[in-house]
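Enquirer: Dropping in entry-v9.cif, with mmCIF, C-alpha atoms.
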```cif
data_model
loop_
_atom_site.group_PDB
_atom_site.id
_atom_site.type_symbol
_atom_site.label_atom_id
_atom_site.label_comp_id
_atom_site.auth_asym_id
_atom_site.auth_seq_id
_atom_site.Cartn_x
_atom_site.Cartn_y
_atom_site.Cartn_z
ATOM 1 C CA MET A 1279 10.275 41.556 24.846
ATOM 2 C CA SER A 1280 9.136 39.412 21.966
ATOM 3 C CA GLN A 1281 7.193 36.201 22.260
ATOM 4 C CA HIS A 1282 8.049 33.245 20.096
ATOM 5 C CA TYR A 1283 5.214 31.973 17.988
ATOM 6 C CA GLN A 1284 5.011 28.213 17.467
ATOM 7 C CA PRO A 1285 3.062 27.380 14.318
ATOM 8 C CA SER A 1286 0.066 25.137 14.802
ATOM 9 C CA ILE A 1287 -0.498 21.927 12.867
ATOM 10 C CA TRP A 1288 -2.895 23.806 10.582
ATOM 11 C CA ASP A 1289 -0.206 26.420 9.849
ATOM 12 C CA LYS A 1290 2.286 23.658 9.043
ATOM 13 C CA ALA A 1291 -0.270 21.923 6.822
ATOM 14 C CA LYS A 1292 -0.883 25.156 4.888
ATOM 15 C CA MET A 1293 2.841 25.717 4.525
ATOM 16 C CA GLY A 1294 3.324 22.165 3.225
ATOM 17 C CA LEU A 1295 0.444 22.600 0.780
ATOM 18 C CA ILE A 1296 1.833 25.868 -0.561
ATOM 19 C CA MET A 1297 5.399 24.607 -0.873
ATOM 20 C CA GLY A 1298 4.357 21.294 -2.401
ATOM 21 C CA GLY A 1299 1.901 22.983 -4.740
ATOM 22 C CA SER A 1300 4.558 25.409 -5.942
ATOM 23 C CA VAL A 1301 7.143 22.719 -6.572
ATOM 24 C CA GLY A 1302 4.568 20.431 -8.163
ATOM 25 C CA ALA A 1303 3.284 23.182 -10.433
ATOM 26 C CA CYS A 1304 6.808 24.011 -11.609
ATOM 27 C CA LEU A 1305 7.555 20.371 -12.324
ATOM 28 C CA GLY A 1306 4.157 20.003 -13.993
ATOM 29 C CA CYS A 1307 4.951 22.942 -16.271
ATOM 30 C CA LEU A 1308 8.243 21.354 -17.282
ATOM 31 C CA ILE A 1309 6.665 17.960 -17.900
ATOM 32 C CA GLY A 1310 3.720 19.533 -19.711
ATOM 33 C CA PHE A 1311 6.013 21.596 -21.909
ATOM 34 C CA TYR A 1312 8.047 18.511 -22.790
ATOM 35 C CA SER A 1313 4.892 16.530 -23.502
ATOM 36 C CA THR A 1314 3.385 19.187 -25.761
ATOM 37 C CA MET A 1315 6.623 19.539 -27.677
ATOM 38 C CA LYS A 1316 6.952 15.788 -28.137
ATOM 39 C CA PHE A 1317 3.330 14.741 -28.762
ATOM 40 C CA GLY A 1318 1.621 17.986 -29.766
ATOM 41 C CA PRO A 1319 -0.810 20.159 -27.847
ATOM 42 C CA GLY A 1320 -3.957 18.068 -28.317
ATOM 43 C CA PRO A 1321 -7.484 19.510 -28.421
ATOM 44 C CA ARG A 1322 -6.951 21.869 -25.460
ATOM 45 C CA GLY A 1323 -4.080 23.796 -27.036
ATOM 46 C CA TYR A 1324 -0.651 24.466 -25.641
ATOM 47 C CA LEU A 1325 -1.683 26.530 -22.629
ATOM 48 C CA GLY A 1326 -4.548 24.248 -21.636
ATOM 49 C CA THR A 1327 -2.405 21.125 -21.801
ATOM 50 C CA ILE A 1328 0.503 22.648 -19.875
ATOM 51 C CA GLY A 1329 -1.932 24.082 -17.321
ATOM 52 C CA GLN A 1330 -3.581 20.714 -16.864
ATOM 53 C CA TYR A 1331 -0.204 19.098 -16.169
ATOM 54 C CA ALA A 1332 0.742 21.908 -13.774
ATOM 55 C CA LEU A 1333 -2.520 21.760 -11.817
ATOM 56 C CA GLY A 1334 -2.539 17.979 -11.567
ATOM 57 C CA SER A 1335 1.059 17.755 -10.485
ATOM 58 C CA GLY A 1336 0.770 20.698 -8.085
ATOM 59 C CA ALA A 1337 -2.369 19.341 -6.436
ATOM 60 C CA SER A 1338 -1.007 15.858 -5.910
ATOM 61 C CA PHE A 1339 2.442 16.942 -4.720
ATOM 62 C CA GLY A 1340 0.916 19.634 -2.504
ATOM 63 C CA PHE A 1341 -1.424 17.092 -0.917
ATOM 64 C CA PHE A 1342 1.413 14.727 -0.072
ATOM 65 C CA MET A 1343 3.607 17.532 1.258
ATOM 66 C CA MET A 1344 0.708 18.695 3.430
ATOM 67 C CA ILE A 1345 0.277 15.208 4.862
ATOM 68 C CA GLY A 1346 4.039 14.875 5.377
ATOM 69 C CA SER A 1347 4.308 18.179 7.212
ATOM 70 C CA CYS A 1348 1.431 17.155 9.507
ATOM 71 C CA ILE A 1349 3.123 13.848 10.258
ATOM 72 C CA ARG A 1350 6.407 15.578 11.047
ATOM 73 C CA SER A 1351 4.744 17.993 13.457
ATOM 74 C CA ASP A 1352 4.088 15.447 16.188
ATOM 75 C CA GLU A 1353 3.738 16.727 19.697
ATOM 76 C CA ASP A 1354 6.910 17.255 21.669
ATOM 77 C CA ARG A 1355 7.728 13.807 23.005
ATOM 78 C CA SER A 1356 9.924 13.545 26.067
ATOM 79 C CA LEU A 1357 11.979 10.486 26.877
ATOM 80 C CA THR A 1358 10.958 8.238 29.717
ATOM 81 C CA ALA A 1359 13.367 7.475 32.539
ATOM 82 C CA GLU A 1360 13.983 4.027 31.053
ATOM 83 C CA ASP A 1361 14.864 5.527 27.647
ATOM 84 C CA GLN A 1362 17.215 8.032 29.267
ATOM 85 C CA ALA A 1363 18.973 5.265 31.206
ATOM 86 C CA THR A 1364 19.377 3.198 28.038
ATOM 87 C CA LEU A 1365 20.856 6.170 26.184
ATOM 88 C CA ARG A 1366 23.242 6.959 29.042
ATOM 89 C CA ALA A 1367 24.415 3.334 29.190
ATOM 90 C CA GLY A 1368 24.985 3.318 25.447
ATOM 91 C CA MET A 1369 26.970 6.549 25.598
ATOM 92 C CA VAL A 1370 29.149 5.222 28.420
ATOM 93 C CA ARG A 1371 29.748 1.991 26.508
ATOM 94 C CA TRP A 1372 30.536 3.911 23.328
ATOM 95 C CA SER A 1373 32.965 6.316 24.968
ATOM 96 C CA SER A 1374 34.846 3.594 26.873
ATOM 97 C CA SER A 1375 35.328 1.221 23.933
ATOM 98 C CA PRO A 1376 38.450 1.949 21.850
ATOM 99 C CA ALA A 1377 37.020 0.028 18.886
ATOM 100 C CA SER A 1378 34.110 2.431 18.592
ATOM 101 C CA THR A 1379 36.090 5.662 18.715
ATOM 102 C CA PRO A 1380 34.650 8.049 16.170
ATOM 103 C CA ILE A 1381 36.383 8.636 12.873
ATOM 104 C CA ALA A 1382 36.842 12.311 13.765
ATOM 105 C CA TYR A 1383 39.313 11.266 16.458
ATOM 106 C CA TYR A 1384 41.441 9.397 13.944
ATOM 107 C CA LEU A 1385 41.233 12.207 11.433
ATOM 108 C CA ALA A 1386 42.350 14.740 14.046
ATOM 109 C CA LYS A 1387 45.173 12.434 15.126
ATOM 110 C CA ALA A 1388 46.324 12.019 11.501
ATOM 111 C CA ALA A 1389 46.203 15.777 10.931
ATOM 112 C CA LYS A 1390 48.562 16.345 13.872
ATOM 113 C CA ASN A 1391 51.179 13.944 12.453
#
```
Would you write the structure of this file as structure tokens?
Expert:
Amino acid sequence: MSQHYQPSIWDKAKMGLIMGGSVGACLGCLIGFYSTMKFGPGPRGYLGTIGQYALGSGASFGFFMMIGSCIRSDEDRSLTAEDQATLRAGMVRWSSSPASTPIAYYLAKAAKN
């Protein structure tokens, strides 16, 4: 019997940092390569300039992805009884109104004809 492991907020933050850093570094390499080809390498040389772009872009994008993944990992929020009643009333109203019938119904009806 296997147990399911739920990642902690720290695990999600690390995952966001790694994914964002990887994507940012790749984009930084592309931008750095374009910049060195257009404006020249500068005093640091080709590799130093491209590396500087890659590290800067990777660090900033990784930081924002880390923050975003922490924000998205809120605790499991359950609906209150009032929220559940509001949702049920909305679903009843939606299903009983012919004007709000979903487009899938009309598409299925047109496919039959």
Enquirer: With the PyMOL selection byres ((chain A and resi 1299) around 10) as the selection, what would be picked from this file? Answer as number ranges by chain, please.
Expert: A: 1293-1298, 1300-1306, 1332-1344
Enquirer: Determine the nearest neighbour of Trp1288 in chain A from the options A:Val1370, A:Ser1347, A:Tyr1324, A:Gln1330, counting all atoms listed in the file.
Expert: A:Ser1347
Enquirer: Kindly give the distance, in Å, that separates CA of Ile1309 in chain A and CA of Pro1321 in chain A, rounded to a single decimal.
Expert: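 If I compute the distance from CA of Ile1309 in chain A to CA of Pro1321 in chain A, I get 17.7 Å.
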Enquirer: Rank nothing, just name the residue among A:Met1369, A:Met1315, A:Ile1287, A:Ala1359 nearest to Gly1346 in chain A, using only C-alpha atoms.
Expert: A:Ile1287
Enquirer: What is the CA of Ile1345 in chain A-CA of Lys1290 in chain A distance in Å, reported with one decimal?
Expert: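 Between these atoms lies a distance of 9.6 Å.
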Enquirer: Enter the distance from CA of Tyr1331 in chain A to CA of Arg1350 in chain A, in Å, rounded to one decimal.
Expert: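 Interatomic distance here is 28.2 Å.
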Enquirer: Would you mind completing range 1281-1311 of chain A so that it carries N, CA and C atoms, and writing it out as a PDB file, in the frame of the given file?
Expert:
```
ATOM      1  N   GLN A1281       7.604  37.564  21.983  1.00  0.00           N
ATOM      2  CA  GLN A1281       7.193  36.201  22.260  1.00  0.00           C
ATOM      3  C   GLN A1281       7.426  35.368  21.014  1.00  0.00           C
ATOM      4  N   HIS A1282       7.825  34.137  21.222  1.00  0.00           N
ATOM      5  CA  HIS A1282       8.049  33.245  20.096  1.00  0.00           C
ATOM      6  C   HIS A1282       6.755  32.550  19.745  1.00  0.00           C
ATOM      7  N   TYR A1283       6.445  32.559  18.481  1.00  0.00           N
ATOM      8  CA  TYR A1283       5.214  31.973  17.988  1.00  0.00           C
ATOM      9  C   TYR A1283       5.515  30.587  17.431  1.00  0.00           C
ATOM     10  N   GLN A1284       4.875  29.573  17.976  1.00  0.00           N
ATOM     11  CA  GLN A1284       5.011  28.213  17.467  1.00  0.00           C
ATOM     12  C   GLN A1284       3.861  27.948  16.512  1.00  0.00           C
ATOM     13  N   PRO A1285       4.154  27.617  15.252  1.00  0.00           N
ATOM     14  CA  PRO A1285       3.062  27.380  14.318  1.00  0.00           C
ATOM     15  C   PRO A1285       2.245  26.151  14.709  1.00  0.00           C
ATOM     16  N   SER A1286       0.946  26.254  14.499  1.00  0.00           N
ATOM     17  CA  SER A1286       0.066  25.137  14.802  1.00  0.00           C
ATOM     18  C   SER A1286       0.169  24.092  13.686  1.00  0.00           C
ATOM     19  N   ILE A1287      -0.509  22.975  13.892  1.00  0.00           N
ATOM     20  CA  ILE A1287      -0.498  21.927  12.867  1.00  0.00           C
ATOM     21  C   ILE A1287      -1.164  22.447  11.596  1.00  0.00           C
ATOM     22  N   TRP A1288      -2.209  23.245  11.754  1.00  0.00           N
ATOM     23  CA  TRP A1288      -2.895  23.806  10.582  1.00  0.00           C
ATOM     24  C   TRP A1288      -1.962  24.734   9.809  1.00  0.00           C
ATOM     25  N   ASP A1289      -1.174  25.544  10.518  1.00  0.00           N
ATOM     26  CA  ASP A1289      -0.206  26.420   9.849  1.00  0.00           C
ATOM     27  C   ASP A1289       0.839  25.596   9.095  1.00  0.00           C
ATOM     28  N   LYS A1290       1.307  24.516   9.712  1.00  0.00           N
ATOM     29  CA  LYS A1290       2.286  23.658   9.043  1.00  0.00           C
ATOM     30  C   LYS A1290       1.679  22.949   7.840  1.00  0.00           C
ATOM     31  N   ALA A1291       0.402  22.566   7.954  1.00  0.00           N
ATOM     32  CA  ALA A1291      -0.270  21.923   6.822  1.00  0.00           C
ATOM     33  C   ALA A1291      -0.401  22.900   5.659  1.00  0.00           C
ATOM     34  N   LYS A1292      -0.768  24.148   5.954  1.00  0.00           N
ATOM     35  CA  LYS A1292      -0.883  25.156   4.888  1.00  0.00           C
ATOM     36  C   LYS A1292       0.467  25.421   4.240  1.00  0.00           C
ATOM     37  N   MET A1293       1.506  25.484   5.070  1.00  0.00           N
ATOM     38  CA  MET A1293       2.841  25.717   4.525  1.00  0.00           C
ATOM     39  C   MET A1293       3.277  24.561   3.629  1.00  0.00           C
ATOM     40  N   GLY A1294       2.997  23.329   4.049  1.00  0.00           N
ATOM     41  CA  GLY A1294       3.324  22.165   3.225  1.00  0.00           C
ATOM     42  C   GLY A1294       2.546  22.158   1.929  1.00  0.00           C
ATOM     43  N   LEU A1295       1.264  22.546   1.993  1.00  0.00           N
ATOM     44  CA  LEU A1295       0.444  22.600   0.780  1.00  0.00           C
ATOM     45  C   LEU A1295       0.967  23.647  -0.197  1.00  0.00           C
ATOM     46  N   ILE A1296       1.333  24.797   0.311  1.00  0.00           N
ATOM     47  CA  ILE A1296       1.833  25.868  -0.561  1.00  0.00           C
ATOM     48  C   ILE A1296       3.182  25.496  -1.169  1.00  0.00           C
ATOM     49  N   MET A1297       4.079  24.987  -0.343  1.00  0.00           N
ATOM     50  CA  MET A1297       5.399  24.607  -0.873  1.00  0.00           C
ATOM     51  C   MET A1297       5.287  23.454  -1.855  1.00  0.00           C
ATOM     52  N   GLY A1298       4.522  22.430  -1.503  1.00  0.00           N
ATOM     53  CA  GLY A1298       4.357  21.294  -2.401  1.00  0.00           C
ATOM     54  C   GLY A1298       3.632  21.671  -3.673  1.00  0.00           C
ATOM     55  N   GLY A1299       2.620  22.530  -3.550  1.00  0.00           N
ATOM     56  CA  GLY A1299       1.901  22.983  -4.740  1.00  0.00           C
ATOM     57  C   GLY A1299       2.785  23.779  -5.676  1.00  0.00           C
ATOM     58  N   SER A1300       3.645  24.610  -5.104  1.00  0.00           N
ATOM     59  CA  SER A1300       4.558  25.409  -5.942  1.00  0.00           C
ATOM     60  C   SER A1300       5.559  24.524  -6.683  1.00  0.00           C
ATOM     61  N   VAL A1301       6.167  23.616  -5.945  1.00  0.00           N
ATOM     62  CA  VAL A1301       7.143  22.719  -6.572  1.00  0.00           C
ATOM     63  C   VAL A1301       6.463  21.824  -7.598  1.00  0.00           C
ATOM     64  N   GLY A1302       5.300  21.288  -7.242  1.00  0.00           N
ATOM     65  CA  GLY A1302       4.568  20.431  -8.163  1.00  0.00           C
ATOM     66  C   GLY A1302       4.128  21.156  -9.416  1.00  0.00           C
ATOM     67  N   ALA A1303       3.702  22.406  -9.263  1.00  0.00           N
ATOM     68  CA  ALA A1303       3.284  23.182 -10.433  1.00  0.00           C
ATOM     69  C   ALA A1303       4.468  23.466 -11.356  1.00  0.00           C
ATOM     70  N   CYS A1304       5.612  23.777 -10.778  1.00  0.00           N
ATOM     71  CA  CYS A1304       6.808  24.011 -11.609  1.00  0.00           C
ATOM     72  C   CYS A1304       7.209  22.747 -12.359  1.00  0.00           C
ATOM     73  N   LEU A1305       7.216  21.627 -11.655  1.00  0.00           N
ATOM     74  CA  LEU A1305       7.555  20.371 -12.324  1.00  0.00           C
ATOM     75  C   LEU A1305       6.492  20.009 -13.362  1.00  0.00           C
ATOM     76  N   GLY A1306       5.229  20.265 -13.045  1.00  0.00           N
ATOM     77  CA  GLY A1306       4.157  20.003 -13.993  1.00  0.00           C
ATOM     78  C   GLY A1306       4.288  20.841 -15.255  1.00  0.00           C
ATOM     79  N   CYS A1307       4.722  22.092 -15.095  1.00  0.00           N
ATOM     80  CA  CYS A1307       4.951  22.942 -16.271  1.00  0.00           C
ATOM     81  C   CYS A1307       6.065  22.370 -17.142  1.00  0.00           C
ATOM     82  N   LEU A1308       7.136  21.931 -16.506  1.00  0.00           N
ATOM     83  CA  LEU A1308       8.243  21.354 -17.282  1.00  0.00           C
ATOM     84  C   LEU A1308       7.812  20.077 -18.004  1.00  0.00           C
ATOM     85  N   ILE A1309       7.117  19.210 -17.286  1.00  0.00           N
ATOM     86  CA  ILE A1309       6.665  17.960 -17.900  1.00  0.00           C
ATOM     87  C   ILE A1309       5.636  18.239 -18.976  1.00  0.00           C
ATOM     88  N   GLY A1310       4.722  19.173 -18.714  1.00  0.00           N
ATOM     89  CA  GLY A1310       3.720  19.533 -19.711  1.00  0.00           C
ATOM     90  C   GLY A1310       4.334  20.146 -20.951  1.00  0.00           C
ATOM     91  N   PHE A1311       5.337  20.997 -20.764  1.00  0.00           N
ATOM     92  CA  PHE A1311       6.013  21.596 -21.909  1.00  0.00           C
ATOM     93  C   PHE A1311       6.698  20.527 -22.747  1.00  0.00           C
TER      94      PHE A1311
END
```
